[in-house]
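Engineer: My structure is below; once you've seen it, I'll send some questions.
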Amino acid sequence: MIIKNFRLNALANTYSAALYEHISQENGAPVFTISTDQSQIQVNIVGGVAGMRDLVDEFYLNALKKNYQGWEAMGIALMGKCLNGTALTQSGLEIWYSMVSDMGISVAEAQR
């Protein structure tokens, strides 16, 4: 995803790095689990922080872009609440859990 807004791009990079670190520490490796209607699926984050950024682009920023006309301004506001400097906030974790849920829904739809 190409983002022309420098501030939003920087926030997305920082958020991706913070998520990658959190997930790696929480799970002992850069992996997480999504739930579908039928199963639990382990997802390996490939490519380090860049791989995490791909997930943030697809399941966070792309969702904003599709649903809100002023998505970049909204993205800056929301992502600003996700971080305290370079650390995740509770809002940042909640958005991550929402993204994981969306991934599970996408996989479940593909399995049907």
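Residue names in the structure tokens use chain letters A, B, ... in the order shown, residue numbers from 1 in each chain, and ligand numbers from 1 in the order shown.
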Taking 2 positions as the minimum chain separation for residues in the same chain, which residues sit within 12 Å of Gln40 (chain A) when counting only C-alpha atoms? Answer as a ChimeraX atom specification.
Structural biologist: /A:32-38,42-43,100-101,103-105,107-108
Engineer: Would you export the selected residues with N, CA, C and O atoms as a PDB file, in the first residue's frame, please?
Structural biologist:
ATOM      1  N   PHE A  32       1.351 -15.823  15.606  1.00  0.00           N
ATOM      2  CA  PHE A  32       0.105 -15.604  16.335  1.00  0.00           C
ATOM      3  C   PHE A  32      -0.928 -16.563  15.790  1.00  0.00           C
ATOM      4  O   PHE A  32      -0.712 -17.212  14.774  1.00  0.00           O
ATOM      5  N   THR A  33      -2.037 -16.665  16.477  1.00  0.00           N
ATOM      6  CA  THR A  33      -3.073 -17.618  16.096  1.00  0.00           C
ATOM      7  C   THR A  33      -4.351 -16.878  15.739  1.00  0.00           C
ATOM      8  O   THR A  33      -4.742 -15.938  16.433  1.00  0.00           O
ATOM      9  N   ILE A  34      -4.955 -17.307  14.640  1.00  0.00           N
ATOM     10  CA  ILE A  34      -6.278 -16.789  14.287  1.00  0.00           C
ATOM     11  C   ILE A  34      -7.283 -17.926  14.426  1.00  0.00           C
ATOM     12  O   ILE A  34      -6.938 -19.094  14.259  1.00  0.00           O
ATOM     13  N   SER A  35      -8.505 -17.555  14.747  1.00  0.00           N
ATOM     14  CA  SER A  35      -9.584 -18.534  14.893  1.00  0.00           C
ATOM     15  C   SER A  35     -10.545 -18.396  13.735  1.00  0.00           C
ATOM     16  O   SER A  35     -10.935 -17.289  13.364  1.00  0.00           O
ATOM     17  N   THR A  36     -10.914 -19.543  13.168  1.00  0.00           N
ATOM     18  CA  THR A  36     -11.951 -19.570  12.141  1.00  0.00           C
ATOM     19  C   THR A  36     -13.135 -20.337  12.720  1.00  0.00           C
ATOM     20  O   THR A  36     -13.092 -20.789  13.859  1.00  0.00           O
ATOM     21  N   ASP A  37     -14.167 -20.502  11.925  1.00  0.00           N
ATOM     22  CA  ASP A  37     -15.318 -21.283  12.369  1.00  0.00           C
ATOM     23  C   ASP A  37     -14.912 -22.717  12.693  1.00  0.00           C
ATOM     24  O   ASP A  37     -15.512 -23.362  13.542  1.00  0.00           O
ATOM     25  N   GLN A  38     -13.901 -23.197  11.995  1.00  0.00           N
ATOM     26  CA  GLN A  38     -13.561 -24.614  12.054  1.00  0.00           C
ATOM     27  C   GLN A  38     -12.285 -24.936  12.827  1.00  0.00           C
ATOM     28  O   GLN A  38     -12.111 -26.068  13.270  1.00  0.00           O
ATOM     29  N   GLN A  42      -2.139 -21.199  13.088  1.00  0.00           N
ATOM     30  CA  GLN A  42      -0.956 -20.447  13.476  1.00  0.00           C
ATOM     31  C   GLN A  42      -0.439 -19.673  12.262  1.00  0.00           C
ATOM     32  O   GLN A  42      -0.292 -20.242  11.176  1.00  0.00           O
ATOM     33  N   VAL A  43      -0.175 -18.403  12.449  1.00  0.00           N
ATOM     34  CA  VAL A  43       0.333 -17.544  11.382  1.00  0.00           C
ATOM     35  C   VAL A  43       1.758 -17.133  11.743  1.00  0.00           C
ATOM     36  O   VAL A  43       1.999 -16.583  12.824  1.00  0.00           O
ATOM     37  N   VAL A 100      -6.820  -9.303  14.074  1.00  0.00           N
ATOM     38  CA  VAL A 100      -6.725 -10.768  14.118  1.00  0.00           C
ATOM     39  C   VAL A 100      -8.108 -11.382  13.896  1.00  0.00           C
ATOM     40  O   VAL A 100      -8.249 -12.366  13.157  1.00  0.00           O
ATOM     41  N   SER A 101      -9.121 -10.786  14.501  1.00  0.00           N
ATOM     42  CA  SER A 101     -10.490 -11.263  14.295  1.00  0.00           C
ATOM     43  C   SER A 101     -10.892 -11.148  12.823  1.00  0.00           C
ATOM     44  O   SER A 101     -11.481 -12.075  12.255  1.00  0.00           O
ATOM     45  N   MET A 103      -8.907 -11.195  10.284  1.00  0.00           N
ATOM     46  CA  MET A 103      -8.169 -12.220   9.543  1.00  0.00           C
ATOM     47  C   MET A 103      -8.886 -13.564   9.648  1.00  0.00           C
ATOM     48  O   MET A 103      -9.021 -14.280   8.652  1.00  0.00           O
ATOM     49  N   GLY A 104      -9.360 -13.890  10.842  1.00  0.00           N
ATOM     50  CA  GLY A 104     -10.094 -15.133  11.038  1.00  0.00           C
ATOM     51  C   GLY A 104     -11.361 -15.177  10.215  1.00  0.00           C
ATOM     52  O   GLY A 104     -11.690 -16.200   9.603  1.00  0.00           O
ATOM     53  N   ILE A 105     -12.079 -14.064  10.147  1.00  0.00           N
ATOM     54  CA  ILE A 105     -13.302 -13.983   9.340  1.00  0.00           C
ATOM     55  C   ILE A 105     -12.963 -14.164   7.864  1.00  0.00           C
ATOM     56  O   ILE A 105     -13.658 -14.887   7.146  1.00  0.00           O
ATOM     57  N   VAL A 107     -10.415 -15.770   6.539  1.00  0.00           N
ATOM     58  CA  VAL A 107     -10.047 -17.171   6.284  1.00  0.00           C
ATOM     59  C   VAL A 107     -11.294 -18.055   6.306  1.00  0.00           C
ATOM     60  O   VAL A 107     -11.459 -18.928   5.449  1.00  0.00           O
ATOM     61  N   ALA A 108     -12.181 -17.804   7.266  1.00  0.00           N
ATOM     62  CA  ALA A 108     -13.408 -18.613   7.361  1.00  0.00           C
ATOM     63  C   ALA A 108     -14.248 -18.460   6.090  1.00  0.00           C
ATOM     64  O   ALA A 108     -14.795 -19.441   5.576  1.00  0.00           O
TER      65      ALA A 108
END
Engineer: Show which residues sit within 12 Å of Val46 (chain A), as JSON, numbers by chain. Count only C-alpha atoms, and ignore same-chain residues fewer than 2 positions away.
Structural biologist: {"A": [20, 29, 30, 31, 32, 43, 44, 48, 49, 50, 51, 52, 53, 54, 55]}
Engineer: For those residues, write N, CA and C atoms to a file as a compact mmCIF listing (two decimals), in the first residue's frame.
Structural biologist:
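See again-v1.txt below for the written result:
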# COMPACT_ATOMS: atom_id res chain seq x y z
N TYR A 20 5.20 -6.21 16.25
CA TYR A 20 6.11 -7.31 16.01
C TYR A 20 6.84 -7.70 17.30
N ALA A 29 8.03 -16.20 19.70
CA ALA A 29 8.43 -16.20 18.29
C ALA A 29 7.48 -15.27 17.54
N PRO A 30 7.83 -14.87 16.32
CA PRO A 30 6.93 -14.00 15.55
C PRO A 30 5.78 -14.79 14.93
N VAL A 31 4.90 -15.29 15.79
CA VAL A 31 3.73 -16.06 15.36
C VAL A 31 2.53 -15.64 16.18
N PHE A 32 1.35 -15.82 15.61
CA PHE A 32 0.11 -15.60 16.34
C PHE A 32 -0.93 -16.56 15.79
N VAL A 43 -0.18 -18.40 12.45
CA VAL A 43 0.33 -17.54 11.38
C VAL A 43 1.76 -17.13 11.74
N ASN A 44 2.69 -17.42 10.86
CA ASN A 44 4.07 -16.99 11.03
C ASN A 44 4.24 -15.64 10.34
N GLY A 48 9.87 -10.25 9.11
CA GLY A 48 10.10 -9.35 10.24
C GLY A 48 9.09 -8.21 10.31
N VAL A 49 9.59 -7.03 10.64
CA VAL A 49 8.72 -5.86 10.79
C VAL A 49 8.05 -5.52 9.46
N ALA A 50 8.74 -5.73 8.35
CA ALA A 50 8.13 -5.45 7.03
C ALA A 50 6.93 -6.36 6.80
N GLY A 51 7.01 -7.62 7.23
CA GLY A 51 5.87 -8.53 7.11
C GLY A 51 4.72 -8.08 8.00
N MET A 52 5.05 -7.58 9.18
CA MET A 52 4.01 -7.05 10.07
C MET A 52 3.37 -5.82 9.45
N ARG A 53 4.17 -4.99 8.81
CA ARG A 53 3.64 -3.79 8.16
C ARG A 53 2.67 -4.18 7.05
N ASP A 54 2.95 -5.26 6.33
CA ASP A 54 2.01 -5.73 5.30
C ASP A 54 0.65 -6.05 5.92
N LEU A 55 0.65 -6.67 7.09
CA LEU A 55 -0.61 -6.99 7.77
C LEU A 55 -1.32 -5.72 8.23
Engineer: Rank A:Ala63, A:Ile2, A:Ala110, A:Ala12 by their smallest atom-to-atom distance to Gly92 (chain A), using only C-alpha atoms, and report the top residue only.
Structural biologist: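 Closest to Gly92 (chain A), using only C-alpha atoms: A:Ala12.
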Engineer: Quick one: residues within 10 Å of Ala87 (chain A), only C-alpha atoms counted, chain neighbours fewer than 6 positions away excluded, as a VMD selection string?
Structural biologist: chain A and resid 14 to 15 17 to 19 21 to 22
Engineer: Quick check for you: according to DSSP on this backbone, which residues of chain A are classed as strand (DSSP E)? Reply as a list of chain:residue names.
Structural biologist: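 Filtering chain A down to strand (DSSP E) leaves A:Val31, A:Phe32, A:Thr33, A:Ile34, A:Ser35, A:Gln40, A:Ile41, A:Gln42, A:Val43, A:Asn44, A:Leu83, A:Asn84, A:Ala87, A:Leu88.
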Engineer: Residues of the last selection are to be written out with N, CA, C and O atoms, as a CSV table (one decimal), in the first residue's frame.
Structural biologist:
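Okay, this is what ended up in result06.csv:
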chain,number,residue,atom,x,y,z
A,31,VAL,N,4.9,-15.3,15.8
A,31,VAL,CA,3.7,-16.1,15.4
A,31,VAL,C,2.5,-15.6,16.2
A,31,VAL,O,2.7,-15.2,17.3
A,32,PHE,N,1.4,-15.8,15.6
A,32,PHE,CA,0.1,-15.6,16.3
A,32,PHE,C,-0.9,-16.6,15.8
A,32,PHE,O,-0.7,-17.2,14.8
A,33,THR,N,-2.0,-16.7,16.5
A,33,THR,CA,-3.1,-17.6,16.1
A,33,THR,C,-4.4,-16.9,15.7
A,33,THR,O,-4.7,-15.9,16.4
A,34,ILE,N,-5.0,-17.3,14.6
A,34,ILE,CA,-6.3,-16.8,14.3
A,34,ILE,C,-7.3,-17.9,14.4
A,34,ILE,O,-6.9,-19.1,14.3
A,35,SER,N,-8.5,-17.6,14.7
A,35,SER,CA,-9.6,-18.5,14.9
A,35,SER,C,-10.5,-18.4,13.7
A,35,SER,O,-10.9,-17.3,13.4
A,40,GLN,N,-8.2,-23.4,14.6
A,40,GLN,CA,-7.2,-22.4,15.0
A,40,GLN,C,-6.0,-22.6,14.0
A,40,GLN,O,-5.6,-23.7,13.7
A,41,ILE,N,-5.6,-21.4,13.5
A,41,ILE,CA,-4.5,-21.5,12.5
A,41,ILE,C,-3.3,-20.6,13.0
A,41,ILE,O,-3.5,-19.4,13.4
A,42,GLN,N,-2.1,-21.2,13.1
A,42,GLN,CA,-1.0,-20.4,13.5
A,42,GLN,C,-0.4,-19.7,12.3
A,42,GLN,O,-0.3,-20.2,11.2
A,43,VAL,N,-0.2,-18.4,12.4
A,43,VAL,CA,0.3,-17.5,11.4
A,43,VAL,C,1.8,-17.1,11.7
A,43,VAL,O,2.0,-16.6,12.8
A,44,ASN,N,2.7,-17.4,10.9
A,44,ASN,CA,4.1,-17.0,11.0
A,44,ASN,C,4.2,-15.6,10.3
A,44,ASN,O,3.8,-15.5,9.2
A,83,LEU,N,-0.1,4.2,20.1
A,83,LEU,CA,1.3,4.3,20.6
A,83,LEU,C,1.5,5.3,21.6
A,83,LEU,O,0.9,6.4,21.6
A,84,ASN,N,2.4,5.0,22.5
A,84,ASN,CA,3.0,6.0,23.5
A,84,ASN,C,4.5,6.0,23.2
A,84,ASN,O,5.2,5.2,23.7
A,87,ALA,N,6.0,2.5,22.3
A,87,ALA,CA,5.3,1.4,23.0
A,87,ALA,C,3.8,1.4,22.6
A,87,ALA,O,3.2,2.4,22.4
A,88,LEU,N,3.3,0.1,22.6
A,88,LEU,CA,1.9,-0.1,22.4
A,88,LEU,C,1.0,0.4,23.5
A,88,LEU,O,1.4,0.2,24.7
Engineer: Fewer than 6 positions away in the same chain doesn't count, so skip those; otherwise give me all residues within 10 Å of Ser91 (chain A), counting only C-alpha atoms, as JSON, numbers by chain.
Structural biologist: {"A": [78, 79, 80, 81, 82, 83, 97]}
Engineer: Kindly save the residues from that selection, with C-alpha atoms included, as a short mmCIF file (atom, residue, chain, number, x, y, z; two decimals), in the first residue's frame.
Structural biologist:
data_model
loop_
_atom_site.label_atom_id
_atom_site.label_comp_id
_atom_site.auth_asym_id
_atom_site.auth_seq_id
_atom_site.Cartn_x
_atom_site.Cartn_y
_atom_site.Cartn_z
CA LEU A 78 -6.34 6.43 15.56
CA MET A 79 -2.77 5.28 15.18
CA GLY A 80 -1.64 8.11 17.45
CA LYS A 81 -3.78 6.50 20.16
CA CYS A 82 -2.13 3.12 19.51
CA LEU A 83 1.31 4.29 20.57
CA TYR A 97 -7.03 -8.04 18.33
#
Engineer: Determine the nearest neighbour of Val56 (chain A) from the options A:Ala10, A:Met99, A:Ser106, A:Ile3, counting only C-alpha atoms.
Structural biologist: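 So, comparing all the options, the nearest one is A:Met99.
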Engineer: Got a sec to tell me which of region 9-70 of chain A DSSP assigns to alpha helix (DSSP H), as a ChimeraX atom specification?
Structural biologist: /A:9-27,49-56,62-67
Engineer: Taking only C-alpha atoms into account, name the residue in A:Glu94, A:Glu26, A:Glu109, A:Glu72 that is nearest to Arg7 (chain A).
Structural biologist: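 Smallest separation from Arg7 (chain A) among the options: A:Glu72.
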Engineer: To one decimal place, how far is CA of Ser16 (chain A) from CA of Asn67 (chain A) in Å?
Structural biologist: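 One can read the CA of Ser16 (chain A) to CA of Asn67 (chain A) distance as 21.4 Å.
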Engineer: Given the choices A:Ile45, A:Ile76, A:Leu11, A:Leu93, which gets closest to Leu64 (chain A) if the distance is worked out from only C-alpha atoms?
Structural biologist: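 Counting only C-alpha atoms, the residue closest to Leu64 (chain A) is A:Ile76.
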